[in-house]
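Student: Have a look at the structure that comes next, please.
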Amino acid sequence: MSFRMVTTADELHALRAVTGTRAVVMTMGALHEGHASLVRTARDLVGPAGSVVVTVFVNPLQFGAGEDLARYPRTLDADLATAEAAGADIVFAPSVDEVYPGGEPQVRISAGPMGERLEGAYRPGHFDGMLTVVAKLLHLTRPDIALYGRKDAQQLALIRRMARDLNFPVEIVGVPTVREEDGLALSSRNRYLSSAERVTALSLSRALFAARDRLAAQQALHARAEATAGTLARAAALSAIGEARAAADTAAVAQAGPGCADAVRTAARTVLDEATRLSPPLALDYLALVDPATFAEIPDDHHGEAIIAVAAKVGGTRLIDNISLTFGVST
């Protein structure tokens, strides 16, 4: 199939008859390498016989009062070039009237309790608007597979829950976050950052990586404690003969318990606290260490998967980031 841009559902549906497996990548435009990674993954999944649809639609329902709907970047010509180069077959760029022909919909998808946490608490109604447009675009594009970035982890979790709870006949695929070489997660909003603001923005990823490193260190200490008998007695003996550094290390091993979620939070919080004193400063909205199924905070003795997520403003730009962690060591 030759690359096409269409603006109506009728045009899009007419193309379905000549394609096999269809994948969709939903975007609000201003495409960057993160979006291109989603498109390339979609291309690999559907193969040469399938089709990849990229939607470009700035959804007014998911912008709250005072948010950046008016200044959100619209770069359709560049988006078309990026989508085609990454392997898309079709860009579906509908108007607001095409997606919402009767005006703002009176019936909407509710995100439920998960949609009221973290991003939902700071942006009331955002996830209801997001799920409503995702549901509409799934109906309009009729894909077999839909791909979303893991950088928007709460969004991805809610889309998966909606697809499961409401029996959408589509496979939801999460694609890893794409980062700059210095660790900053790619975002369409990064273009708003000045050079000084970008330096401050790096604190988000630095905090997440500090949490990851602290978890690895805590779990390594716990593994050593389980494998080493009599560590407290050995620490006391080393201290008695003046081996202070060895004694401190041995004592740390002896005291390393399985619970370390609080220590992980503290490691990230330390980096973010330092960033509030930078120029320009970081204004933290939240730092959360949560269960990926519910986005509720995990207890200190949590075992299994977790997500550590952060949201903050740098200047007038609001950024989010997260990474996945696994608590618990093999025994």
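Residues in the structure tokens are named by chain (A, B, ... in the order shown) and by number from 1 within that chain; ligands are numbered from 1 in the order shown.
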Find the residues near Lys151 in chain A: any atom within 8 Å, counting only C-alpha atoms, skip ones fewer than 6 places away on the same chain, and give them as an MDAnalysis selection string.
Tutor: chainID A and resid 176:177 185 320:323
Student: Output N, CA, C and O atoms for every residue in the selection just made, as a short mmCIF file (atom, residue, chain, number, x, y, z; two decimals), in the first residue's frame.
Tutor:
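Generated file (result-v3.cif):
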```cif
data_model
loop_
_atom_site.label_atom_id
_atom_site.label_comp_id
_atom_site.auth_asym_id
_atom_site.auth_seq_id
_atom_site.Cartn_x
_atom_site.Cartn_y
_atom_site.Cartn_z
N PRO A 176 8.56 0.50 25.18
CA PRO A 176 9.45 1.19 26.12
C PRO A 176 9.65 2.67 25.80
O PRO A 176 9.62 3.08 24.64
N THR A 177 9.89 3.44 26.85
CA THR A 177 10.17 4.87 26.74
C THR A 177 11.47 5.09 25.98
O THR A 177 12.47 4.40 26.21
N ALA A 185 13.43 11.78 29.09
CA ALA A 185 12.42 11.08 28.30
C ALA A 185 11.90 11.99 27.19
O ALA A 185 11.61 13.17 27.42
N ILE A 320 6.34 14.48 32.79
CA ILE A 320 6.16 13.26 33.56
C ILE A 320 7.20 12.24 33.12
O ILE A 320 7.74 12.31 32.02
N ASP A 321 7.47 11.29 34.01
CA ASP A 321 8.40 10.21 33.67
C ASP A 321 8.15 9.07 34.65
O ASP A 321 7.56 9.26 35.72
N ASN A 322 8.60 7.88 34.30
CA ASN A 322 8.48 6.73 35.20
C ASN A 322 9.40 5.63 34.73
O ASN A 322 9.85 5.62 33.56
N ILE A 323 9.70 4.71 35.61
CA ILE A 323 10.36 3.46 35.26
C ILE A 323 9.73 2.32 36.05
O ILE A 323 9.11 2.55 37.10
#
```
Student: Write out as a list in words the residues lying within 9 Å of range 132-138 of chain A, counting only C-alpha atoms and excluding same-chain residues fewer than 3 positions away.
Tutor: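 My list of contacting residues is Val24, Met26, Thr55, Asn59, Leu61, Gln62, Val99, Pro105, Val107, Arg108, Ile109, Ser110, Phe127, Asp128, Gly129, Thr141, Arg142, Pro143, Ala146, Ile159, Met162, Ala163, Phe168 and Val170 of chain A.
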Student: In Å, rounded to a single decimal, give me how far CA of Arg117 in chain A is from CA of Ala157 in chain A.
Tutor: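 Computing the Euclidean distance for CA of Ala157 in chain A and CA of Arg117 in chain A yields 12.3 Å.
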Student: Pick out the closest residue to Leu31 in chain A from this set: A:Ala85, A:Ala196, A:Leu15, A:Val46. Count only C-alpha atoms.
Tutor: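 Nearest to Leu31 in chain A: A:Ala85.
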